[in-house]
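*Asks:* I'm passing along run-v8.cif; it holds mmCIF, C-alpha atoms.
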data_coords
#
loop_
_atom_site.label_atom_id
_atom_site.label_comp_id
_atom_site.auth_asym_id
_atom_site.auth_seq_id
_atom_site.Cartn_x
_atom_site.Cartn_y
_atom_site.Cartn_z
CA MET V 1 10.54 -4.27 11.80
CA ILE V 2 6.78 -4.45 11.36
CA ASN V 3 5.10 -7.29 13.20
CA PRO V 4 3.13 -9.35 10.63
CA GLN V 5 0.35 -10.07 13.11
CA LYS V 6 -2.88 -8.80 11.59
CA PRO V 7 -4.38 -5.87 13.50
CA LYS V 8 -7.92 -6.15 14.77
CA LYS V 9 -9.00 -2.52 14.50
CA SER V 10 -9.49 -0.44 11.37
CA PHE V 11 -7.53 2.77 11.07
CA LEU V 12 -9.54 6.00 11.11
CA VAL V 13 -7.88 9.11 9.73
CA ASN V 14 -6.11 11.32 12.23
CA HIS V 15 -5.41 14.45 10.23
CA ARG V 16 -2.99 15.75 12.86
CA ILE V 17 -0.70 12.80 12.10
CA PHE V 18 -0.88 13.34 8.37
CA PHE V 19 -0.36 17.06 8.88
CA PHE V 20 2.80 16.24 10.84
CA LEU V 21 3.99 13.88 8.11
CA GLN V 22 3.40 16.29 5.26
CA ILE V 23 5.09 19.24 6.98
CA GLN V 24 7.96 17.50 8.78
CA THR V 25 8.73 14.69 6.37
CA PHE V 26 7.38 15.37 2.89
CA ASN V 27 7.53 19.19 2.88
CA VAL V 28 4.57 19.68 0.55
CA ASP V 29 3.34 23.17 -0.18
CA THR V 30 -0.44 22.79 -0.06
CA PRO V 31 -2.01 23.84 3.28
CA CYS V 32 -3.59 21.04 5.26
CA GLN V 33 -5.47 21.97 8.42
CA THR V 34 -8.57 19.76 8.38
CA VAL V 35 -9.79 16.43 7.06
CA GLU V 36 -11.60 18.29 4.28
CA ASP V 37 -8.28 19.69 3.09
CA LEU V 38 -7.23 16.15 2.24
CA THR V 39 -10.33 15.13 0.31
CA ASN V 40 -9.43 16.84 -2.97
CA GLY V 41 -6.34 14.62 -3.30
CA VAL V 42 -3.87 17.44 -3.95
CA VAL V 43 -1.80 16.90 -0.79
CA MET V 44 -1.83 13.14 -1.29
CA ALA V 45 -0.58 13.51 -4.86
CA GLN V 46 2.24 15.81 -3.74
CA VAL V 47 3.25 13.34 -1.04
CA LEU V 48 3.36 10.51 -3.58
CA GLN V 49 5.67 12.60 -5.76
CA LYS V 50 7.97 13.08 -2.77
CA ILE V 51 7.96 9.32 -2.19
CA ASP V 52 9.00 8.52 -5.76
CA PRO V 53 9.49 11.55 -8.04
CA ALA V 54 10.58 9.35 -10.94
CA TYR V 55 7.34 7.35 -10.96
CA PHE V 56 4.95 10.07 -9.81
CA ASP V 57 6.55 12.64 -12.10
CA GLU V 58 5.42 16.12 -13.13
CA ASN V 59 3.30 14.74 -15.97
CA TRP V 60 1.42 12.55 -13.51
CA LEU V 61 1.11 15.34 -10.95
CA ASN V 62 -0.24 17.76 -13.56
CA ARG V 63 -3.21 15.45 -14.11
CA ILE V 64 -4.36 16.26 -10.57
CA LYS V 65 -6.54 19.37 -10.63
CA THR V 66 -5.65 21.79 -7.85
CA GLU V 67 -8.56 24.23 -8.11
CA VAL V 68 -11.52 21.98 -7.34
CA GLY V 69 -13.23 23.96 -4.58
CA ASP V 70 -16.31 22.10 -3.35
CA ASN V 71 -16.83 20.28 -6.64
CA TRP V 72 -17.06 16.69 -5.43
CA ARG V 73 -16.95 15.31 -8.97
CA LEU V 74 -13.53 16.85 -9.55
CA LYS V 75 -12.39 15.59 -6.14
CA ILE V 76 -13.46 12.04 -7.03
CA SER V 77 -11.69 12.32 -10.39
CA ASN V 78 -8.47 13.28 -8.58
CA LEU V 79 -8.87 10.51 -6.04
CA LYS V 80 -9.43 7.86 -8.71
CA LYS V 81 -6.16 8.87 -10.41
CA ILE V 82 -4.34 8.74 -7.08
CA LEU V 83 -5.72 5.32 -6.13
CA LYS V 84 -4.84 3.91 -9.55
CA GLY V 85 -1.37 5.41 -9.23
CA ILE V 86 -0.88 3.77 -5.82
CA LEU V 87 -2.03 0.35 -7.06
CA ASP V 88 0.12 0.59 -10.20
CA TYR V 89 3.13 1.69 -8.13
CA ASN V 90 2.76 -1.26 -5.78
CA HIS V 91 2.51 -3.66 -8.71
CA GLU V 92 5.09 -2.20 -11.08
CA ILE V 93 7.73 -0.84 -8.69
CA LEU V 94 7.31 -2.61 -5.35
CA GLY V 95 6.25 -5.94 -6.88
CA GLN V 96 3.27 -6.20 -4.53
CA GLN V 97 -0.43 -6.85 -5.04
CA ILE V 98 -2.86 -5.38 -2.53
CA ASN V 99 -5.25 -8.26 -1.96
CA ASP V 100 -6.28 -8.66 1.66
CA PHE V 101 -7.07 -4.98 2.23
CA THR V 102 -10.32 -3.10 1.67
CA LEU V 103 -9.62 -0.40 -0.89
CA PRO V 104 -10.96 3.07 -0.11
CA ASP V 105 -14.25 4.22 -1.62
CA VAL V 106 -13.19 7.41 -3.38
CA ASN V 107 -16.82 8.42 -3.94
CA LEU V 108 -17.42 8.59 -0.19
CA ILE V 109 -14.20 10.55 0.32
CA GLY V 110 -14.88 13.09 -2.41
CA GLU V 111 -18.58 13.61 -1.81
CA HIS V 112 -18.92 13.10 1.95
CA SER V 113 -15.38 13.52 3.38
CA ASP V 114 -15.72 10.05 4.90
CA ALA V 115 -12.98 9.71 7.54
CA ALA V 116 -12.79 5.91 7.50
CA GLU V 117 -12.38 5.75 3.72
CA LEU V 118 -9.88 8.60 3.78
CA GLY V 119 -7.98 6.70 6.45
CA ARG V 120 -7.65 3.72 4.10
CA MET V 121 -6.27 5.96 1.37
CA LEU V 122 -3.70 7.40 3.77
CA GLN V 123 -2.75 3.88 4.85
CA LEU V 124 -1.96 3.00 1.24
CA ILE V 125 0.25 6.08 0.96
CA LEU V 126 2.05 5.19 4.19
CA GLY V 127 2.53 1.69 2.78
CA CYS V 128 4.24 3.20 -0.28
CA ALA V 129 6.47 5.34 1.95
CA VAL V 130 7.75 2.48 4.11
CA ASN V 131 8.37 0.20 1.12
CA CYS V 132 10.02 2.63 -1.31
CA GLU V 133 13.77 3.13 -1.84
CA GLN V 134 13.86 5.92 0.75
CA LYS V 135 11.93 3.86 3.29
CA GLN V 136 14.60 4.21 6.01
CA GLU V 137 14.18 7.98 5.94
CA TYR V 138 10.42 7.73 6.45
CA ILE V 139 10.65 4.99 9.05
CA GLN V 140 13.15 7.12 10.98
CA ALA V 141 10.73 10.07 10.82
CA ILE V 142 8.00 7.88 12.30
CA MET V 143 10.35 6.74 15.05
CA MET V 144 10.92 10.37 15.99
CA MET V 145 7.22 11.00 16.64
CA GLU V 146 5.78 11.06 20.12
CA GLU V 147 4.93 7.55 21.28
CA SER V 148 1.13 7.82 21.05
CA VAL V 149 1.26 9.17 17.51
CA GLN V 150 3.91 6.64 16.53
CA HIS V 151 1.68 3.80 17.73
CA VAL V 152 -1.28 4.92 15.60
CA VAL V 153 0.87 5.35 12.49
CA MET V 154 2.57 1.97 12.94
CA THR V 155 -0.81 0.28 13.44
CA ALA V 156 -2.03 1.88 10.22
CA ILE V 157 1.05 0.66 8.34
CA GLN V 158 0.78 -2.78 9.88
CA GLU V 159 -2.79 -3.20 8.69
CA VAL V 160 -2.07 -2.35 5.06
CA CYS V 161 1.24 -4.23 4.94
CA TRP V 162 -0.49 -7.37 6.21
CA SER V 163 -1.88 -7.90 2.72
CA PHE V 164 1.67 -7.90 1.32
CA VAL V 165 2.85 -10.38 3.95
CA LEU V 166 -0.15 -12.62 3.35
CA LYS V 167 0.33 -12.62 -0.42
CA LYS V 168 4.05 -13.36 -0.13
CA THR V 169 3.39 -16.17 2.34
CA THR V 170 0.71 -17.64 0.06
CA GLU V 171 3.05 -17.51 -2.92
CA GLU V 172 5.83 -19.18 -0.96
CA LEU V 173 3.44 -21.92 0.17
CA ASN V 174 2.24 -22.49 -3.38
CA GLU V 175 5.83 -22.70 -4.60
CA ALA V 176 6.66 -25.20 -1.86
CA LEU V 177 3.60 -27.30 -2.70
CA SER V 178 4.46 -27.23 -6.41
CA ALA V 179 8.02 -28.31 -5.63
CA LYS V 180 6.72 -31.11 -3.39
CA GLU V 181 4.35 -32.33 -6.11
CA GLU V 182 7.14 -32.22 -8.68
CA ILE V 183 9.41 -34.27 -6.40
CA ALA V 184 6.60 -36.75 -5.74
CA GLN V 185 5.99 -37.09 -9.48
CA ARG V 186 9.69 -37.60 -10.12
CA CYS V 187 9.86 -40.27 -7.39
CA HIS V 188 6.88 -42.04 -8.96
CA GLU V 189 8.57 -42.01 -12.36
CA LEU V 190 11.76 -43.43 -10.84
CA ASP V 191 9.75 -46.16 -9.08
CA MET V 192 8.15 -47.09 -12.41
CA GLN V 193 11.56 -47.21 -14.06
CA VAL V 194 12.82 -49.54 -11.33
CA VAL V 195 9.80 -51.82 -11.78
CA THR V 196 10.32 -51.85 -15.55
CA CYS V 197 14.00 -52.68 -15.14
CA THR V 198 13.16 -55.47 -12.69
CA VAL V 199 10.62 -56.99 -15.09
CA ASP V 200 13.12 -56.84 -17.93
CA ILE V 201 15.77 -58.62 -15.86
CA PHE V 202 13.47 -61.52 -15.00
#
Output the structure of this file as structure tokens.
*Replies:*
Amino acid sequence: MINPQKPKKSFLVNHRIFFFLQIQTFNVDTPCQTVEDLTNGVVMAQVLQKIDPAYFDENWLNRIKTEVGDNWRLKISNLKKILKGILDYNHEILGQQINDFTLPDVNLIGEHSDAAELGRMLQLILGCAVNCEQKQEYIQAIMMMEESVQHVVMTAIQEVCWSFVLKKTTEELNEALSAKEEIAQRCHELDMQVVTCTVDIF
């Protein structure tokens, strides 16, 4: 169970962790040896298809260009499609809105291979993995990692999932407040009815 306490440190990409995940857990075909190998979005798109092949289907995957080379404009185009897919998946399938989390700047990832922004993108993908229907499989894979790696991955998940916890808590509070106001209004109406009845009697 993920502790809902909000982490204090931002997650920076550790490509060794993601390399482990893609080979051992997601079994994607595209080679991934360095941070730069992630910046074209191809590996990330293949991982998302493994997470939910019905949602991230072949039609969606075919929109991701695989032969982009060093063309940063094509990389950014891929990354924009992936980020939109992640946000739509969270909203439409997981029923979650990502509010209290800084979304990755895909321009910095595609053009400058920015590790911090890439880390945020990977966090969002990990968030999808541990909230999808096959989440137990992915959580078990994380539990099998060496302790130091496991800690970094769990911290990354914790940070992105905090926004889900916060939103759910806020919604529950708003529902409770609305119910309280409705009860108070109903009590006021009953009080007025009692007063009216009392006046009528006398």
*Asks:* When you draw a straight line from atom CA of Trp60 of chain V to atom CA of Val35 of chain V, how long is it in Å?
*Replies:*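 Going from atom CA of Trp60 of chain V over to atom CA of Val35 of chain V, I get 23.7 Å.
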*Asks:* List as a list in words: which residues have an atom within 6 Å of (0.1, -1.3, 4.3), counting all atoms listed in the file?
*Replies:* Gln123, Leu124, Gly127, Ile157, Gln158, Glu159, Val160 and Cys161 of chain V
*Asks:* Find the distance between atom CA of Leu87 of chain V and atom CA of Val130 of chain V and write it in Å to one decimal.
*Replies:*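 According to the coordinates, atom CA of Leu87 of chain V and atom CA of Val130 of chain V are separated by 15.0 Å.
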*Asks:* Could you check which of V:Asp52, V:Asp70, V:Asp37, V:Asp57 is closest to Asn90 of chain V, using all atoms listed in the file?
*Replies:* V:Asp52
*Asks:* Could you state the separation of atom CA of Glu117 of chain V and atom CA of Pro104 of chain V in Å, given to one decimal place?
*Replies:*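 Distance reported for this atom pair: 4.9 Å.
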*Asks:* Within 8 Å of (0.1, -6.4, -5.6) (coordinates as in the file), grab all the protein and nucleic acid residues, counting all atoms listed in the file, and write them out as number ranges by chain.
*Replies:* V: 87, 90-91, 95-99, 164
*Asks:* Store the residues picked out above in a file with C-alpha atoms, as a compact mmCIF listing (two decimals), in the coordinates of the input.
*Replies:*
# COMPACT_ATOMS: atom_id res chain seq x y z
CA LEU V 87 -2.03 0.35 -7.06
CA ASN V 90 2.76 -1.26 -5.78
CA HIS V 91 2.51 -3.66 -8.71
CA GLY V 95 6.25 -5.94 -6.88
CA GLN V 96 3.27 -6.20 -4.53
CA GLN V 97 -0.43 -6.85 -5.04
CA ILE V 98 -2.86 -5.38 -2.53
CA ASN V 99 -5.25 -8.26 -1.96
CA PHE V 164 1.67 -7.90 1.32
*Asks:* Just want the 8 Å neighbourhood of segment 75-82 of chain V, counted on all atoms listed in the file, with same-chain residues fewer than 2 positions away dropped. Output as JSON, numbers by chain.
*Replies:* {"V": [39, 40, 41, 42, 44, 45, 63, 64, 65, 68, 71, 72, 73, 84, 85, 86, 106, 107, 109, 110, 111]}
*Asks:* Padding 8 Å on each side, edges along x, y and z: where is the centre of the box around the listed atoms of segment 105-123 of chain V, and how long are its edges in Å to one decimal? Output it as AutoDock Vina command-line options.
*Replies:*
--center_x -10.8 --center_y 8.7 --center_z 1.8 --size_x 32.2 --size_y 25.9 --size_z 27.5
*Asks:* Considering only C-alpha atoms, return as a list of chain:residue names whatever protein or nucleic-acid residues lie within 8 Å of segment 132-144 of chain V, sequence-local ones (same chain, fewer than 6 positions apart) excluded.
*Replies:* V:Thr25, V:Ile51, V:Asp52, V:Leu94, V:Gln150, V:Val153
*Asks:* Kindly indicate which residue among V:Leu48, V:Gln185, V:Asn62, V:Phe56 lies nearest to Met121 of chain V, using all atoms listed in the file for the distances.
*Replies:*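 Counting all atoms listed in the file, the residue closest to Met121 of chain V is V:Leu48.
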*Asks:* Which is closer to Asp105 of chain V than all the others in V:Ile93, V:Gly119, V:Ala184, V:Glu67, using all atoms listed in the file?
*Replies:*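 Closest residue, counting all atoms listed in the file: V:Gly119.
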*Asks:* Could you please fill out segment 46-62 of chain V with N, CA and C atoms and send it back as a tab-separated table (two decimals), in the coordinates of the input?
*Replies:*
chain	number	residue	atom	x	y	z
V	46	GLN	N	0.93	15.20	-3.98
V	46	GLN	CA	2.24	15.81	-3.74
V	46	GLN	C	3.11	14.93	-2.86
V	47	VAL	N	2.50	14.27	-1.90
V	47	VAL	CA	3.25	13.34	-1.04
V	47	VAL	C	3.77	12.16	-1.85
V	48	LEU	N	2.93	11.63	-2.74
V	48	LEU	CA	3.36	10.51	-3.58
V	48	LEU	C	4.54	10.92	-4.45
V	49	GLN	N	4.53	12.14	-4.95
V	49	GLN	CA	5.67	12.60	-5.76
V	49	GLN	C	6.94	12.68	-4.93
V	50	LYS	N	6.80	13.06	-3.66
V	50	LYS	CA	7.97	13.08	-2.77
V	50	LYS	C	8.49	11.67	-2.54
V	51	ILE	N	7.57	10.71	-2.44
V	51	ILE	CA	7.96	9.32	-2.19
V	51	ILE	C	8.75	8.75	-3.36
V	52	ASP	N	8.28	9.01	-4.57
V	52	ASP	CA	9.00	8.52	-5.76
V	52	ASP	C	8.80	9.50	-6.92
V	53	PRO	N	9.65	10.53	-7.00
V	53	PRO	CA	9.49	11.55	-8.04
V	53	PRO	C	9.69	11.03	-9.45
V	54	ALA	N	10.37	9.92	-9.60
V	54	ALA	CA	10.58	9.35	-10.94
V	54	ALA	C	9.29	8.70	-11.45
V	55	TYR	N	8.58	8.02	-10.55
V	55	TYR	CA	7.34	7.35	-10.96
V	55	TYR	C	6.18	8.34	-10.98
V	56	PHE	N	6.00	9.05	-9.88
V	56	PHE	CA	4.95	10.07	-9.81
V	56	PHE	C	5.54	11.41	-10.28
V	57	ASP	N	5.83	11.49	-11.56
V	57	ASP	CA	6.55	12.64	-12.10
V	57	ASP	C	5.62	13.84	-12.32
V	58	GLU	N	6.18	14.89	-12.91
V	58	GLU	CA	5.42	16.12	-13.13
V	58	GLU	C	4.23	15.89	-14.06
V	59	ASN	N	4.42	15.04	-15.07
V	59	ASN	CA	3.30	14.74	-15.97
V	59	ASN	C	2.14	14.11	-15.22
V	60	TRP	N	2.48	13.19	-14.31
V	60	TRP	CA	1.42	12.55	-13.51
V	60	TRP	C	0.79	13.57	-12.58
V	61	LEU	N	1.63	14.37	-11.92
V	61	LEU	CA	1.11	15.34	-10.95
V	61	LEU	C	0.22	16.38	-11.62
V	62	ASN	N	0.54	16.75	-12.86
V	62	ASN	CA	-0.24	17.76	-13.56
V	62	ASN	C	-1.64	17.28	-13.92
